[in-house]
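The structure file final_26.cif is reproduced below (mmCIF, N, CA and C atoms).
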```cif
data_model
#
loop_
_atom_site.label_atom_id
_atom_site.label_comp_id
_atom_site.auth_asym_id
_atom_site.auth_seq_id
_atom_site.Cartn_x
_atom_site.Cartn_y
_atom_site.Cartn_z
N MET L 1 25.05 34.55 -42.43
CA MET L 1 23.64 34.43 -42.71
C MET L 1 23.41 34.74 -44.19
N THR L 2 22.31 34.25 -44.71
CA THR L 2 21.96 34.45 -46.11
C THR L 2 21.08 35.69 -46.24
N VAL L 3 21.36 36.50 -47.27
CA VAL L 3 20.61 37.74 -47.47
C VAL L 3 20.12 37.81 -48.91
N GLU L 4 18.86 38.22 -49.07
CA GLU L 4 18.29 38.52 -50.38
C GLU L 4 17.66 39.90 -50.30
N ILE L 5 18.00 40.75 -51.26
CA ILE L 5 17.35 42.05 -51.42
C ILE L 5 16.66 41.99 -52.77
N ILE L 6 15.34 42.09 -52.75
CA ILE L 6 14.55 41.89 -53.96
C ILE L 6 13.71 43.14 -54.23
N SER L 7 13.81 43.66 -55.45
CA SER L 7 12.96 44.77 -55.89
C SER L 7 11.99 44.23 -56.93
N PRO L 8 10.98 45.01 -57.33
CA PRO L 8 10.05 44.51 -58.35
C PRO L 8 10.75 44.16 -59.68
N GLU L 9 11.87 44.82 -59.95
CA GLU L 9 12.55 44.62 -61.23
C GLU L 9 13.53 43.45 -61.23
N LYS L 10 14.20 43.21 -60.07
CA LYS L 10 15.27 42.22 -60.07
C LYS L 10 15.67 41.83 -58.65
N ILE L 11 16.52 40.83 -58.55
CA ILE L 11 17.17 40.49 -57.28
C ILE L 11 18.41 41.38 -57.21
N THR L 12 18.39 42.34 -56.28
CA THR L 12 19.46 43.32 -56.15
C THR L 12 20.70 42.71 -55.52
N TYR L 13 20.50 41.84 -54.54
CA TYR L 13 21.63 41.19 -53.86
C TYR L 13 21.19 39.82 -53.40
N GLN L 14 22.07 38.85 -53.53
CA GLN L 14 21.83 37.51 -53.02
C GLN L 14 23.19 36.94 -52.61
N GLY L 15 23.34 36.65 -51.32
CA GLY L 15 24.61 36.13 -50.85
C GLY L 15 24.68 36.07 -49.35
N LYS L 16 25.88 35.92 -48.83
CA LYS L 16 26.12 35.82 -47.39
C LYS L 16 26.52 37.19 -46.85
N ALA L 17 26.20 37.42 -45.58
CA ALA L 17 26.58 38.67 -44.92
C ALA L 17 26.78 38.42 -43.44
N SER L 18 27.62 39.24 -42.83
CA SER L 18 27.81 39.16 -41.38
C SER L 18 26.99 40.22 -40.66
N LEU L 19 26.59 41.29 -41.38
CA LEU L 19 25.78 42.36 -40.79
C LEU L 19 24.91 42.98 -41.86
N VAL L 20 23.66 43.26 -41.48
CA VAL L 20 22.74 44.00 -42.34
C VAL L 20 22.11 45.08 -41.48
N GLN L 21 22.18 46.33 -41.93
CA GLN L 21 21.55 47.45 -41.22
C GLN L 21 20.46 48.01 -42.13
N VAL L 22 19.25 48.14 -41.58
CA VAL L 22 18.10 48.57 -42.38
C VAL L 22 17.42 49.78 -41.75
N PRO L 23 16.75 50.60 -42.60
CA PRO L 23 16.02 51.76 -42.09
C PRO L 23 14.60 51.39 -41.67
N GLY L 24 14.44 50.90 -40.46
CA GLY L 24 13.13 50.51 -39.95
C GLY L 24 12.21 51.69 -39.77
N SER L 25 10.93 51.43 -39.69
CA SER L 25 9.93 52.49 -39.52
C SER L 25 10.12 53.27 -38.23
N LYS L 26 10.70 52.64 -37.22
CA LYS L 26 10.93 53.31 -35.93
C LYS L 26 12.41 53.56 -35.69
N GLY L 27 13.20 53.59 -36.76
CA GLY L 27 14.63 53.84 -36.66
C GLY L 27 15.44 52.70 -37.24
N CYS L 28 16.68 52.99 -37.54
CA CYS L 28 17.58 51.98 -38.11
C CYS L 28 17.87 50.89 -37.09
N PHE L 29 18.02 49.66 -37.58
CA PHE L 29 18.45 48.59 -36.69
C PHE L 29 19.34 47.62 -37.46
N ALA L 30 20.20 46.94 -36.72
CA ALA L 30 21.16 46.01 -37.31
C ALA L 30 20.71 44.58 -37.07
N ILE L 31 21.03 43.74 -38.03
CA ILE L 31 20.72 42.32 -37.97
C ILE L 31 22.04 41.57 -38.04
N LEU L 32 22.28 40.73 -37.05
CA LEU L 32 23.48 39.89 -37.00
C LEU L 32 23.06 38.42 -37.01
N LYS L 33 24.02 37.53 -37.13
CA LYS L 33 23.76 36.09 -37.10
C LYS L 33 22.98 35.73 -35.84
N ASN L 34 22.03 34.82 -35.97
CA ASN L 34 21.17 34.34 -34.89
C ASN L 34 20.24 35.40 -34.32
N HIS L 35 19.89 36.40 -35.12
CA HIS L 35 18.93 37.42 -34.71
C HIS L 35 17.57 36.75 -34.48
N ALA L 36 16.81 37.27 -33.55
CA ALA L 36 15.46 36.76 -33.30
C ALA L 36 14.60 36.95 -34.55
N PRO L 37 13.65 36.06 -34.78
CA PRO L 37 12.75 36.23 -35.93
C PRO L 37 12.00 37.56 -35.83
N ILE L 38 11.86 38.23 -36.97
CA ILE L 38 11.18 39.53 -36.98
C ILE L 38 10.66 39.81 -38.38
N VAL L 39 9.56 40.54 -38.45
CA VAL L 39 9.06 41.12 -39.69
C VAL L 39 8.83 42.59 -39.39
N SER L 40 9.35 43.48 -40.25
CA SER L 40 9.25 44.91 -40.00
C SER L 40 9.10 45.66 -41.31
N THR L 41 8.39 46.78 -41.26
CA THR L 41 8.33 47.66 -42.42
C THR L 41 9.58 48.53 -42.46
N LEU L 42 9.93 48.95 -43.66
CA LEU L 42 11.12 49.77 -43.86
C LEU L 42 10.73 51.11 -44.47
N GLU L 43 11.45 52.14 -44.08
CA GLU L 43 11.27 53.48 -44.62
C GLU L 43 12.30 53.71 -45.73
N ALA L 44 12.16 54.83 -46.42
CA ALA L 44 13.16 55.22 -47.41
C ALA L 44 14.50 55.42 -46.71
N GLY L 45 15.56 54.97 -47.32
CA GLY L 45 16.89 55.10 -46.74
C GLY L 45 17.85 54.12 -47.38
N ASN L 46 18.90 53.81 -46.66
CA ASN L 46 19.94 52.92 -47.18
C ASN L 46 20.03 51.63 -46.38
N ILE L 47 20.21 50.54 -47.09
CA ILE L 47 20.54 49.26 -46.48
C ILE L 47 22.06 49.16 -46.50
N ARG L 48 22.65 48.91 -45.36
CA ARG L 48 24.10 48.73 -45.26
C ARG L 48 24.36 47.26 -45.01
N LEU L 49 25.23 46.68 -45.81
CA LEU L 49 25.51 45.26 -45.74
C LEU L 49 27.02 45.05 -45.67
N VAL L 50 27.46 44.19 -44.75
CA VAL L 50 28.87 43.81 -44.67
C VAL L 50 28.94 42.32 -44.97
N ASP L 51 29.63 41.96 -46.06
CA ASP L 51 29.68 40.55 -46.44
C ASP L 51 30.74 39.79 -45.65
N GLU L 52 30.86 38.51 -45.93
CA GLU L 52 31.78 37.65 -45.17
C GLU L 52 33.25 38.01 -45.36
N ARG L 53 33.57 38.75 -46.42
CA ARG L 53 34.95 39.19 -46.66
C ARG L 53 35.20 40.57 -46.05
N ASN L 54 34.20 41.06 -45.30
CA ASN L 54 34.26 42.36 -44.62
C ASN L 54 34.19 43.53 -45.61
N ILE L 55 33.57 43.30 -46.77
CA ILE L 55 33.36 44.35 -47.77
C ILE L 55 31.97 44.93 -47.55
N GLU L 56 31.91 46.27 -47.46
CA GLU L 56 30.66 46.96 -47.17
C GLU L 56 30.00 47.42 -48.46
N SER L 57 28.68 47.22 -48.56
CA SER L 57 27.89 47.69 -49.69
C SER L 57 26.69 48.45 -49.16
N THR L 58 26.20 49.39 -49.96
CA THR L 58 25.03 50.18 -49.59
C THR L 58 24.01 50.13 -50.73
N PHE L 59 22.74 49.95 -50.37
CA PHE L 59 21.67 49.89 -51.34
C PHE L 59 20.58 50.88 -50.92
N ALA L 60 20.20 51.79 -51.81
CA ALA L 60 19.14 52.77 -51.52
C ALA L 60 17.78 52.13 -51.80
N ILE L 61 16.84 52.36 -50.87
CA ILE L 61 15.47 51.87 -51.07
C ILE L 61 14.50 53.01 -50.76
N SER L 62 13.28 52.89 -51.29
CA SER L 62 12.26 53.89 -50.99
C SER L 62 11.23 53.36 -50.01
N GLY L 63 11.50 52.19 -49.46
CA GLY L 63 10.60 51.56 -48.49
C GLY L 63 10.56 50.07 -48.76
N GLY L 64 9.86 49.34 -47.89
CA GLY L 64 9.74 47.90 -48.10
C GLY L 64 9.46 47.14 -46.83
N ILE L 65 9.81 45.86 -46.85
CA ILE L 65 9.57 44.96 -45.72
C ILE L 65 10.81 44.08 -45.55
N VAL L 66 11.17 43.81 -44.29
CA VAL L 66 12.26 42.88 -44.00
C VAL L 66 11.71 41.73 -43.16
N GLU L 67 12.15 40.52 -43.47
CA GLU L 67 11.83 39.34 -42.66
C GLU L 67 13.14 38.66 -42.30
N VAL L 68 13.27 38.33 -41.01
CA VAL L 68 14.44 37.59 -40.53
C VAL L 68 13.93 36.31 -39.89
N LYS L 69 14.48 35.18 -40.35
CA LYS L 69 14.06 33.89 -39.81
C LYS L 69 15.16 32.87 -40.08
N LYS L 70 15.65 32.22 -39.03
CA LYS L 70 16.64 31.13 -39.14
C LYS L 70 17.85 31.54 -39.97
N ASN L 71 18.44 32.69 -39.63
CA ASN L 71 19.65 33.20 -40.29
C ASN L 71 19.46 33.48 -41.78
N LYS L 72 18.22 33.78 -42.16
CA LYS L 72 17.93 34.23 -43.53
C LYS L 72 17.24 35.58 -43.44
N VAL L 73 17.79 36.56 -44.14
CA VAL L 73 17.22 37.90 -44.18
C VAL L 73 16.67 38.13 -45.58
N THR L 74 15.37 38.41 -45.67
CA THR L 74 14.74 38.70 -46.95
C THR L 74 14.20 40.12 -46.90
N ILE L 75 14.63 40.94 -47.85
CA ILE L 75 14.18 42.33 -47.92
C ILE L 75 13.45 42.51 -49.25
N LEU L 76 12.18 42.89 -49.16
CA LEU L 76 11.39 43.24 -50.35
C LEU L 76 11.33 44.75 -50.40
N SER L 77 11.96 45.33 -51.41
CA SER L 77 12.04 46.80 -51.48
C SER L 77 11.14 47.34 -52.58
N ASN L 78 10.74 48.60 -52.40
CA ASN L 78 9.92 49.30 -53.41
C ASN L 78 10.80 49.85 -54.49
#
```
Structure translated into structure tokens:
Amino acid sequence: MTVEIISPEKITYQGKASLVQVPGSKGCFAILKNHAPIVSTLEAGNIRLVDERNIESTFAISGGIVEVKKNKVTILSN
């Protein structure tokens, strides 16, 4: 799936991933390929991303919004 992590200053990440874990307002949740469409607010915490080469990356955010639709994950972070 395609992932974009966007902050007010820059595009923090843009690429493919097999797993994205985000700090949702009601707890962390994971997003995998073919996830149901969703829009959710995010709390302060870490985004965990595993790319197609199985390399894990972590991005700290202070909050934001995630949208998942048709295997595209867009995260707007504060």
Can you list, as an NGL selection string, all residues belonging to chain L that DSSP tags as strand (DSSP E)? :L and (2-6 or 11-16 or 19-24 or 27-32 or 38-42 or 45-50 or 56-61 or 64-69 or 72-77)
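Among the candidate residues L:Ala36, L:Val66, L:Ile55, L:Leu49, the one lying nearest to Tyr13 (chain L) is L:Leu49, with distances computed using only C-alpha atoms.
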I need the residue set behind the PyMOL selection byres ((chain L and resi 60) around 7) for this file; please write it as a ChimeraX atom specification. /L:44-47,58-59,61-63
I want to know what sits within 8 Å of Gln21 (chain L), based on only N, CA and C atoms, with residues of the same chain fewer than 5 positions away left out; could you give that as a ChimeraX atom specification? /L:28-32,46-50
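Atom N of Ser77 (chain L) to CA of Ile65 (chain L) spans 6.2 Å [interatomic distance, one decimal].
Of the listed residues L:Ser7, L:Asn34, L:Ser18, L:Thr12, the one whose atoms come nearest to Gly64 (chain L) is L:Ser7, with distances taken using only C-alpha atoms.
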